[in-house]
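Q: Coordinates in start.txt, compact mmCIF, C-alpha atoms and all ligand atoms, are listed below.
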# COMPACT_ATOMS: atom_id res chain seq x y z
CA MET A 367 15.86 2.39 -3.64
CA ALA A 368 14.14 5.22 -5.54
CA LEU A 369 11.77 3.80 -8.17
CA ILE A 370 10.69 7.21 -9.48
CA GLN A 371 12.90 10.28 -9.64
CA THR A 372 12.22 13.68 -11.15
CA GLN A 373 14.86 16.34 -11.72
CA ASN A 374 13.93 19.99 -12.32
CA LEU A 375 10.70 18.88 -14.03
CA ARG A 376 8.89 21.66 -15.90
CA LYS A 377 5.68 21.91 -17.91
CA TYR A 378 4.50 25.12 -19.54
CA PHE A 379 1.28 25.33 -21.52
CA PRO A 380 1.29 28.01 -24.26
CA ILE A 381 -1.86 30.14 -24.38
CA GLN A 382 -3.50 32.23 -27.11
CA SER A 383 -3.18 35.67 -25.51
CA MET A 384 -0.05 37.76 -25.88
CA SER A 385 1.58 40.13 -23.43
CA PHE A 386 1.50 43.93 -23.86
CA PHE A 387 4.83 43.68 -25.75
CA GLY A 388 3.59 40.98 -28.17
CA LYS A 389 5.39 38.14 -26.39
CA LYS A 390 3.60 34.76 -26.40
CA GLU A 391 2.46 33.81 -22.91
CA LYS A 392 2.41 30.47 -21.13
CA VAL A 393 0.99 28.89 -17.99
CA HIS A 394 3.79 27.76 -15.66
CA ALA A 395 1.93 24.63 -14.49
CA VAL A 396 4.99 22.81 -13.13
CA ASP A 397 8.18 24.79 -12.66
CA GLY A 398 11.25 22.96 -11.42
CA VAL A 399 9.97 20.01 -9.40
CA THR A 400 12.53 17.57 -7.96
CA PHE A 401 11.59 14.63 -5.76
CA GLN A 402 11.81 10.86 -5.56
CA ILE A 403 9.56 8.01 -4.50
CA GLU A 404 11.14 5.02 -2.79
CA GLU A 405 10.05 1.55 -3.87
CA GLY A 406 6.98 0.33 -1.96
CA ASN A 407 6.17 3.81 -0.56
CA THR A 408 3.18 6.09 -1.10
CA PHE A 409 4.11 9.72 -1.74
CA GLY A 410 1.30 12.22 -1.16
CA LEU A 411 1.25 15.36 -3.29
CA VAL A 412 -0.91 18.10 -1.77
CA GLY A 413 -1.78 21.69 -2.60
CA GLU A 414 -4.62 23.97 -3.70
CA SER A 415 -6.48 23.42 -6.98
CA GLY A 416 -4.40 24.64 -9.91
CA CYS A 417 -1.01 24.25 -8.18
CA GLY A 418 0.15 21.67 -10.77
CA LYS A 419 -0.11 18.42 -8.81
CA SER A 420 -2.21 16.56 -11.43
CA THR A 421 0.17 17.77 -14.17
CA VAL A 422 3.07 16.19 -12.21
CA GLY A 423 1.10 12.90 -12.09
CA ARG A 424 0.53 12.96 -15.83
CA LEU A 425 4.19 13.76 -16.51
CA LEU A 426 5.28 10.78 -14.39
CA LEU A 427 3.10 8.52 -16.56
CA ALA A 428 4.38 10.09 -19.80
CA LEU A 429 0.84 11.24 -20.65
CA LEU A 430 2.31 14.72 -21.18
CA GLU A 431 5.65 15.79 -22.68
CA PRO A 432 7.66 17.95 -20.26
CA SER A 433 8.97 21.37 -21.27
CA GLY A 434 12.20 20.54 -19.45
CA GLY A 435 13.78 18.31 -16.81
CA THR A 436 13.79 14.52 -16.52
CA VAL A 437 11.71 11.69 -15.12
CA ASN A 438 13.49 8.47 -14.26
CA CYS A 439 11.16 5.45 -13.92
CA PHE A 440 12.53 2.01 -12.99
CA GLY A 441 16.05 3.19 -13.91
CA LYS A 442 15.04 4.51 -17.36
CA ASP A 443 14.82 8.08 -18.58
CA LEU A 444 11.11 8.16 -19.47
CA PHE A 445 11.46 10.75 -22.22
CA ASN A 446 14.57 9.28 -23.78
CA ILE A 447 13.45 5.75 -24.67
CA THR A 448 12.02 4.13 -27.80
CA PRO A 449 8.22 3.91 -28.33
CA LYS A 450 8.48 0.12 -27.86
CA GLU A 451 10.21 0.52 -24.49
CA LEU A 452 7.62 3.12 -23.46
CA PHE A 453 4.79 0.73 -24.41
CA GLN A 454 6.35 -1.99 -22.22
CA LEU A 455 6.74 0.48 -19.34
CA ARG A 456 3.09 1.54 -19.61
CA ALA A 457 1.92 -1.84 -18.27
CA GLN A 458 3.91 -1.14 -15.11
CA MET A 459 2.53 2.39 -14.61
CA GLN A 460 -1.20 2.87 -14.13
CA ILE A 461 -3.62 5.57 -12.98
CA ILE A 462 -6.77 5.68 -10.85
CA PHE A 463 -8.88 8.63 -11.96
CA GLN A 464 -10.74 11.13 -9.80
CA ASP A 465 -14.21 10.72 -11.26
CA PRO A 466 -15.56 7.16 -11.06
CA PHE A 467 -18.53 8.24 -13.22
CA ALA A 468 -16.64 9.74 -16.18
CA SER A 469 -13.73 7.29 -16.17
CA LEU A 470 -15.79 4.18 -17.03
CA ASN A 471 -17.42 3.78 -20.45
CA PRO A 472 -21.20 3.59 -19.76
CA ARG A 473 -21.79 1.37 -22.84
CA LYS A 474 -19.38 -1.38 -21.72
CA THR A 475 -19.91 -4.09 -19.15
CA VAL A 476 -17.44 -4.65 -16.32
CA ARG A 477 -16.12 -7.66 -18.25
CA GLN A 478 -15.38 -5.51 -21.32
CA ILE A 479 -13.83 -2.70 -19.23
CA LEU A 480 -11.54 -5.01 -17.29
CA SER A 481 -10.54 -7.18 -20.28
CA LYS A 482 -9.02 -4.18 -22.10
CA PRO A 483 -5.69 -4.05 -20.18
CA PHE A 484 -5.26 -7.81 -20.71
CA SER A 485 -5.94 -7.52 -24.47
CA ILE A 486 -3.43 -4.67 -24.81
CA HIS A 487 -0.60 -5.90 -22.60
CA THR A 488 -0.88 -9.72 -22.44
CA LYS A 489 -1.49 -12.70 -24.72
CA MET A 490 -4.13 -14.27 -22.45
CA SER A 491 -6.93 -16.33 -23.97
CA ARG A 492 -10.55 -15.27 -23.32
CA LYS A 493 -10.93 -18.00 -20.72
CA GLU A 494 -7.80 -16.87 -18.87
CA GLN A 495 -8.98 -13.25 -19.01
CA GLU A 496 -12.37 -14.21 -17.55
CA LYS A 497 -10.67 -15.98 -14.64
CA ALA A 498 -8.32 -13.02 -14.04
CA ILE A 499 -11.27 -10.56 -14.08
CA LEU A 500 -13.17 -12.63 -11.50
CA ASN A 501 -10.06 -12.64 -9.29
CA LEU A 502 -9.67 -8.87 -9.69
CA LEU A 503 -13.29 -8.19 -8.70
CA ASP A 504 -12.80 -10.38 -5.65
CA LEU A 505 -9.56 -8.53 -4.80
CA VAL A 506 -11.29 -5.13 -4.76
CA GLY A 507 -14.18 -6.40 -2.64
CA LEU A 508 -16.87 -6.88 -5.32
CA SER A 509 -18.00 -10.33 -4.22
CA PRO A 510 -19.41 -12.61 -5.49
CA PRO A 511 -17.68 -11.50 -8.74
CA GLU A 512 -20.07 -13.49 -10.99
CA PHE A 513 -22.85 -11.19 -9.77
CA TYR A 514 -21.06 -8.04 -11.02
CA ILE A 515 -19.13 -9.07 -14.13
CA SER A 516 -21.94 -8.60 -16.69
CA ARG A 517 -23.26 -5.32 -15.29
CA HIS A 518 -22.89 -1.81 -16.69
CA PRO A 519 -21.36 1.13 -14.72
CA HIS A 520 -24.76 2.81 -14.11
CA GLU A 521 -25.79 -0.19 -12.00
CA PHE A 522 -23.08 0.59 -9.41
CA SER A 523 -22.74 3.17 -6.64
CA GLY A 524 -19.85 5.71 -6.69
CA GLY A 525 -17.74 3.62 -4.30
CA GLN A 526 -18.30 0.44 -6.32
CA ARG A 527 -17.34 2.25 -9.53
CA GLN A 528 -14.12 3.42 -7.93
CA ARG A 529 -13.43 -0.20 -6.96
CA ILE A 530 -13.79 -1.09 -10.67
CA GLY A 531 -11.38 1.77 -11.50
CA ILE A 532 -8.87 0.36 -8.99
CA ALA A 533 -9.32 -3.16 -10.44
CA ARG A 534 -8.60 -1.82 -13.94
CA ALA A 535 -5.44 -0.07 -12.71
CA LEU A 536 -4.21 -3.27 -11.03
CA ALA A 537 -5.13 -5.64 -13.87
CA VAL A 538 -1.65 -6.12 -15.36
CA ASN A 539 0.29 -6.07 -12.07
CA PRO A 540 1.75 -2.55 -12.23
CA LYS A 541 4.66 -1.50 -10.01
CA PHE A 542 3.71 2.18 -9.92
CA VAL A 543 0.22 3.68 -9.54
CA VAL A 544 -0.86 7.33 -9.65
CA ALA A 545 -4.09 7.95 -7.71
CA ASP A 546 -5.32 11.36 -8.90
CA GLU A 547 -7.80 12.69 -6.30
CA ALA A 548 -9.11 9.11 -6.19
CA VAL A 549 -11.52 9.69 -3.30
CA SER A 550 -12.48 13.38 -3.60
CA ALA A 551 -15.65 12.67 -5.60
CA LEU A 552 -16.97 10.19 -2.98
CA ASP A 553 -19.03 10.60 0.21
CA ILE A 554 -17.01 10.66 3.44
CA SER A 555 -18.13 7.16 4.58
CA VAL A 556 -17.32 5.69 1.14
CA GLN A 557 -13.99 7.57 1.12
CA ALA A 558 -12.98 5.71 4.28
CA GLN A 559 -13.77 2.32 2.68
CA ILE A 560 -11.84 3.10 -0.52
CA LEU A 561 -8.84 4.44 1.44
CA LYS A 562 -8.82 1.27 3.56
CA LEU A 563 -8.92 -0.85 0.39
CA PHE A 564 -6.18 1.25 -1.25
CA LYS A 565 -3.89 0.91 1.78
CA LYS A 566 -4.50 -2.84 2.01
CA LEU A 567 -3.75 -3.38 -1.69
CA GLN A 568 -0.69 -1.11 -1.59
CA GLU A 569 0.79 -3.17 1.25
CA GLU A 570 -0.20 -6.59 -0.12
CA LEU A 571 1.03 -5.91 -3.66
CA HIS A 572 4.02 -3.78 -2.52
CA LEU A 573 2.95 -0.97 -4.85
CA THR A 574 4.79 2.32 -5.24
CA CYS A 575 2.20 5.11 -5.40
CA LEU A 576 1.79 8.81 -6.00
CA PHE A 577 -1.35 9.92 -4.15
CA ILE A 578 -2.55 13.30 -5.38
CA THR A 579 -5.03 15.10 -3.14
CA HIS A 580 -5.93 18.48 -1.66
CA ASP A 581 -6.88 16.88 1.65
CA LEU A 582 -4.12 16.52 4.26
CA ALA A 583 -6.29 14.22 6.39
CA VAL A 584 -6.35 11.74 3.48
CA VAL A 585 -2.57 11.97 3.16
CA ARG A 586 -2.18 11.18 6.83
CA SER A 587 -4.12 7.93 6.48
CA VAL A 588 -2.41 6.45 3.39
CA CYS A 589 0.99 8.07 2.71
CA SER A 590 4.45 7.63 4.15
CA GLN A 591 5.95 10.80 2.66
CA VAL A 592 4.36 14.04 1.55
CA GLY A 593 5.25 16.90 -0.79
CA VAL A 594 3.44 20.25 -0.56
CA MET A 595 3.06 22.16 -3.85
CA TYR A 596 2.36 25.84 -4.34
CA LEU A 597 2.02 27.48 -7.76
CA GLY A 598 3.99 24.85 -9.69
CA ARG A 599 6.77 24.33 -7.12
CA LEU A 600 7.40 21.99 -4.22
CA VAL A 601 7.74 24.04 -1.03
CA GLU A 602 8.14 21.29 1.55
CA ILE A 603 8.84 17.53 1.57
CA ALA A 604 8.86 15.38 4.71
CA ALA A 605 7.82 12.06 6.22
CA VAL A 606 4.10 12.26 7.03
CA ASP A 607 4.43 12.03 10.83
CA GLU A 608 7.18 14.64 10.86
CA LEU A 609 5.19 17.06 8.69
CA PHE A 610 2.16 16.91 10.98
CA GLU A 611 4.40 17.46 13.99
CA LYS A 612 6.58 20.24 12.62
CA GLN A 613 5.80 22.38 9.54
CA CYS A 614 8.75 24.51 8.43
CA HIS A 615 7.01 26.42 5.62
CA PRO A 616 4.31 29.05 6.39
CA TYR A 617 2.07 27.64 3.62
CA THR A 618 2.22 24.11 5.07
CA ARG A 619 1.45 25.60 8.49
CA ALA A 620 -1.66 27.26 7.12
CA LEU A 621 -2.78 24.03 5.39
CA CYS A 622 -2.28 21.96 8.55
CA SER A 623 -4.08 24.50 10.71
CA ALA A 624 -7.18 24.02 8.52
CA THR A 625 -7.11 20.21 8.79
CA PRO A 626 -9.48 18.83 11.44
CA LEU A 627 -7.88 16.77 14.24
CA PRO A 628 -9.40 13.50 15.52
CA ASN A 629 -10.00 15.22 18.90
CA PRO A 630 -12.75 17.90 18.43
CA SER A 631 -11.68 19.96 21.50
CA ALA A 632 -8.07 20.08 20.19
CA THR A 633 -9.43 21.30 16.83
CA ARG A 634 -11.49 24.02 18.58
CA SER A 635 -8.58 25.25 20.73
CA ARG A 636 -6.14 25.40 17.80
CA LYS A 637 -5.59 28.77 16.12
CA GLN A 638 -6.43 28.61 12.43
CA ILE A 639 -4.17 30.53 10.02
CA ILE A 640 -6.31 32.17 7.36
CA LEU A 641 -4.36 33.14 4.26
CA GLU A 642 -5.33 36.40 2.60
CA GLY A 643 -5.79 36.85 -1.13
CA ASP A 644 -6.07 34.36 -3.94
CA ILE A 645 -3.46 32.11 -5.45
CA PRO A 646 -1.59 34.30 -8.02
CA SER A 647 -1.83 33.62 -11.75
CA PRO A 648 0.50 30.86 -12.99
CA ILE A 649 0.89 32.92 -16.20
CA HIS A 650 2.75 35.64 -14.28
CA PRO A 651 4.03 33.97 -11.09
CA PRO A 652 5.33 36.44 -8.49
CA THR A 653 9.06 37.18 -8.42
CA GLY A 654 11.19 35.81 -5.59
CA CYS A 655 9.28 33.42 -3.33
CA ARG A 656 6.00 32.59 -5.09
CA PHE A 657 4.17 32.59 -1.77
CA HIS A 658 5.31 36.09 -0.72
CA THR A 659 2.05 37.78 -1.82
CA ARG A 660 0.12 35.77 0.81
CA CYS A 661 2.78 34.90 3.38
CA PRO A 662 2.16 36.24 6.92
CA LYS A 663 5.91 35.90 7.66
CA ARG A 664 7.40 37.58 4.59
CA PHE A 665 10.41 39.82 5.08
CA ASP A 666 12.90 41.73 2.92
CA PRO A 667 14.51 39.31 0.46
CA CYS A 668 11.31 37.28 -0.05
CA ASP A 669 9.98 39.25 -3.04
CA GLN A 670 13.34 39.25 -4.86
CA LYS A 671 15.22 36.05 -4.09
CA GLU A 672 13.65 32.67 -4.84
CA PRO A 673 14.31 30.18 -2.02
CA GLU A 674 15.80 26.81 -3.04
CA LEU A 675 14.52 23.50 -1.63
CA MET A 676 17.04 22.82 1.18
CA THR A 677 17.44 19.77 3.41
CA LEU A 678 17.02 20.61 7.11
CA GLU A 679 17.51 17.29 8.85
CA GLY A 680 16.94 13.71 7.70
CA ASP A 681 14.66 13.82 4.66
CA HIS A 682 12.88 17.05 5.64
CA GLN A 683 13.26 19.64 2.86
CA VAL A 684 11.84 23.16 2.71
CA ALA A 685 11.97 26.10 0.29
CA CYS A 686 11.77 29.19 2.53
CA HIS A 687 14.31 31.83 3.59
CA LEU A 688 12.93 31.67 7.13
CA ARG A 689 12.84 27.87 7.61
CA LEU A 690 10.55 27.93 10.64
CA ILE A 691 11.57 25.57 13.43
FE1 LIG A 701 7.24 33.46 3.45
FE2 LIG A 701 9.58 34.48 2.75
FE3 LIG A 701 9.41 31.93 3.45
FE4 LIG A 701 8.38 32.77 1.15
S1 LIG A 701 10.54 32.76 1.70
S2 LIG A 701 7.42 31.42 2.59
S3 LIG A 701 7.61 34.79 1.71
S4 LIG A 701 9.03 33.71 4.76
Once you've parsed the file, please lay out its structure as structure tokens.
Ligand code: SF4
A:
Amino acid sequence: MALIQTQNLRKYFPIQSMSFFGKKEKVHAVDGVTFQIEEGNTFGLVGESGCGKSTVGRLLLALLEPSGGTVNCFGKDLFNITPKELFQLRAQMQIIFQDPFASLNPRKTVRQILSKPFSIHTKMSRKEQEKAILNLLDLVGLSPPEFYISRHPHEFSGGQRQRIGIARALAVNPKFVVADEAVSALDISVQAQILKLFKKLQEELHLTCLFITHDLAVVRSVCSQVGVMYLGRLVEIAAVDELFEKQCHPYTRALCSATPLPNPSATRSRKQIILEGDIPSPIHPPTGCRFHTRCPKRFDPCDQKEPELMTLEGDHQVACHLRLI
């Protein structure tokens, strides 16, 4: 059953500058994104910086108002409910931020940071909150919890801070969690520990997750399905194993060719696809296929006709006129 569903989701940010003809301009951050996340699954959203993946995450949590389209969370239209209903839904939807240094208030102790979700969303007494916080710290591997509960964020390493961020997101038993580049600010060895913890918690608590990252290797280790974004649009969606086996969009092919394989000699013998040029401006996205300015396979209709996201077989969808097999 799909717990989260988006339909033609759009978000445009107006900007100060005007076009040559005096028309107000806008950044097309997210431009017609449709996908769904099944209950208990982790959906990985990948793409270059600035492609709109974090904006999608914030739209799914109702932290931003969309310019168009719908988001259906737990059977409710997220942008067509009362403020009271939205407040109740917020306890079930949480976020793990990218930067474990900026996302924790340096003046507060771990006890104060982790008691906040309980104060907002529950009627727990102080004693009950204390017990729940100790359990949370234990759950995320900060043991013995009594040793950590009165400390401030600066007394922790990056990995430990991210564990506190995860504990805060899980405090009020959410059903849906958005992890926005949750491991990109950490060292590789710490990344592996946090990914292992995330996967363990996701399975134990049967969480539904959106895992936003620019790293396909990270997606491979924690996600069951993956969506590839380019310039505000989804260009390919597939089960993780299938995507790594067979990429049907030239952009996904280029991304995968740059991802290291566990076997170093296989990585060395593989031909890397190097894309030319920069990602175009989201203020004036190219006509037709948005990837045509960099696509090594482009042909005649690509710069005029925009390809729709089409289902190939099973759940594999791709937006390309060529549909590489
Ligand atoms: Fe390349 Fe054309 Fe496919 Fe776009 S539609 S990805 S330009 S082949």
Q: Near Asn438 in chain A, within 7 Å and counting all atoms listed in the file, which residues show up once chain neighbours fewer than 3 positions away are dropped, as a list in words?
A: Ile370, Gln371, Thr372, Gly441, Lys442, Asp443 and Leu444 of chain A
Q: For CA of Ser555 in chain A and CA of Val606 in chain A, determine how far apart the two atoms are, in Å to one decimal place.
A: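 Pair CA of Ser555 in chain A / CA of Val606 in chain A returns 22.9 Å.
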Q: Around all the atoms of ligand LIG 701 (chain A) listed in the file, with 4 Å of room on each side, what axis-aligned box do you get, giving centre and edge lengths in Å to one decimal, as lines of an AutoDock Vina configuration file?
A:
center_x = 8.9
center_y = 33.1
center_z = 3.0
size_x = 11.3
size_y = 11.4
size_z = 11.6
Q: Enumerate, in order of chain and increasing residue number, the residues of chain A with an atom no farther than 8 Å from ligand LIG 701 (chain A), each with its shortest atom pair and distance in Å to one decimal, counting all atoms listed in the file, as JSON lines.
A:
{"residue": "A:His615", "atom": "CA", "partner": "A:LIG701", "partner_atom": "S2", "distance": 5.9}
{"residue": "A:Pro616", "atom": "CA", "partner": "A:LIG701", "partner_atom": "S2", "distance": 5.5}
{"residue": "A:Tyr617", "atom": "CA", "partner": "A:LIG701", "partner_atom": "S2", "distance": 6.6}
{"residue": "A:Gly654", "atom": "CA", "partner": "A:LIG701", "partner_atom": "FE4", "distance": 7.9}
{"residue": "A:Cys655", "atom": "CA", "partner": "A:LIG701", "partner_atom": "FE4", "distance": 4.6}
{"residue": "A:Arg656", "atom": "CA", "partner": "A:LIG701", "partner_atom": "FE4", "distance": 6.7}
{"residue": "A:Phe657", "atom": "CA", "partner": "A:LIG701", "partner_atom": "FE4", "distance": 5.1}
{"residue": "A:His658", "atom": "CA", "partner": "A:LIG701", "partner_atom": "S3", "distance": 3.6}
{"residue": "A:Thr659", "atom": "CA", "partner": "A:LIG701", "partner_atom": "S3", "distance": 7.2}
{"residue": "A:Arg660", "atom": "CA", "partner": "A:LIG701", "partner_atom": "S3", "distance": 7.6}
{"residue": "A:Cys661", "atom": "CA", "partner": "A:LIG701", "partner_atom": "FE1", "distance": 4.7}
{"residue": "A:Pro662", "atom": "CA", "partner": "A:LIG701", "partner_atom": "FE1", "distance": 6.8}
{"residue": "A:Lys663", "atom": "CA", "partner": "A:LIG701", "partner_atom": "S4", "distance": 4.8}
{"residue": "A:Arg664", "atom": "CA", "partner": "A:LIG701", "partner_atom": "S3", "distance": 4.0}
{"residue": "A:Phe665", "atom": "CA", "partner": "A:LIG701", "partner_atom": "FE2", "distance": 5.9}
{"residue": "A:Asp666", "atom": "CA", "partner": "A:LIG701", "partner_atom": "FE2", "distance": 8.0}
{"residue": "A:Pro667", "atom": "CA", "partner": "A:LIG701", "partner_atom": "FE2", "distance": 7.3}
{"residue": "A:Cys668", "atom": "CA", "partner": "A:LIG701", "partner_atom": "FE2", "distance": 4.3}
{"residue": "A:Asp669", "atom": "CA", "partner": "A:LIG701", "partner_atom": "S3", "distance": 6.9}
{"residue": "A:Glu672", "atom": "CA", "partner": "A:LIG701", "partner_atom": "S1", "distance": 7.2}
{"residue": "A:Pro673", "atom": "CA", "partner": "A:LIG701", "partner_atom": "S1", "distance": 5.9}
{"residue": "A:Ala685", "atom": "CA", "partner": "A:LIG701", "partner_atom": "S1", "distance": 7.0}
{"residue": "A:Cys686", "atom": "CA", "partner": "A:LIG701", "partner_atom": "FE3", "distance": 3.7}
{"residue": "A:His687", "atom": "CA", "partner": "A:LIG701", "partner_atom": "S1", "distance": 4.3}
{"residue": "A:Leu688", "atom": "CA", "partner": "A:LIG701", "partner_atom": "S4", "distance": 5.0}
{"residue": "A:Arg689", "atom": "CA", "partner": "A:LIG701", "partner_atom": "FE3", "distance": 6.7}
Q: How far is it from CA of Val544 in chain A to CA of Pro628 in chain A, in Å with one decimal?
A: 27.3 Å
Q: Rounded to one decimal, what separation in Å do you get between CA of Leu430 in chain A and CA of Phe445 in chain A?
A: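 Separating CA of Leu430 in chain A from CA of Phe445 in chain A is a distance of 10.0 Å.
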Q: Please provide as number ranges by chain all residues within 8 Å of Arg517 in chain A, with the sequence filter that same-chain residues fewer than 2 positions apart are discarded (counting all atoms listed in the file).
A: A: 475-476, 514-515, 519, 521
Q: So, with all atoms listed in the file as the atoms that count, which of A:Lys566, A:His682, A:Lys377, A:Arg529 lies closest to Asp397 in chain A?
A: A:Lys377
Q: When you look at Arg619 in chain A with a cut-off of 10 Å (counting only C-alpha atoms), what residues show up, excluding the ones that are within fewer than 3 positions of it in the same chain? I need them as a list in words.
A: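 Selected residues are Leu609, Phe610, Lys612, Gln613, Cys614, His615, Pro616, Cys622, Ser623, Ala624, Gln638, Ile639 and Leu690 of chain A.
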Q: Could you tell me which of A:Ser433, A:Gln528, A:Ser415, A:Ser509 comes closest to His394 in chain A if we count all atoms listed in the file?
A: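 For His394 in chain A, the nearest of the candidates is A:Ser433.
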Q: I want to know what sits within 12 Å of Gly531 in chain A, based on only C-alpha atoms, with residues of the same chain fewer than 2 positions away left out; could you give that as a PyMOL selection string?
A: chain A and resi 460-471+476+479-480+483+502-503+506+508+519+522+524-529+533-537+543+545-546+548-549+560+564
Q: Nearest to Leu411 in chain A among A:Thr618, A:Thr436, A:Thr579, A:Asn446, with distances taken over only C-alpha atoms: which residue is it?
A: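 Nearest to Leu411 in chain A: A:Thr579.
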Q: Using all atoms listed in the file, give me every residue within 10 Å of (0.2, 34.9, -14.3) in file coordinates, as a ChimeraX atom specification.
A: /A:391-394,645-652
Q: Find the residue from A:Lys389, A:Lys562, A:Arg492, A:Lys541 that sits nearest to Glu404 in chain A; use only C-alpha atoms when measuring.
A: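 Checking each of A:Lys389, A:Lys562, A:Arg492, A:Lys541 against Glu404 in chain A, counting only C-alpha atoms, the winner is A:Lys541.
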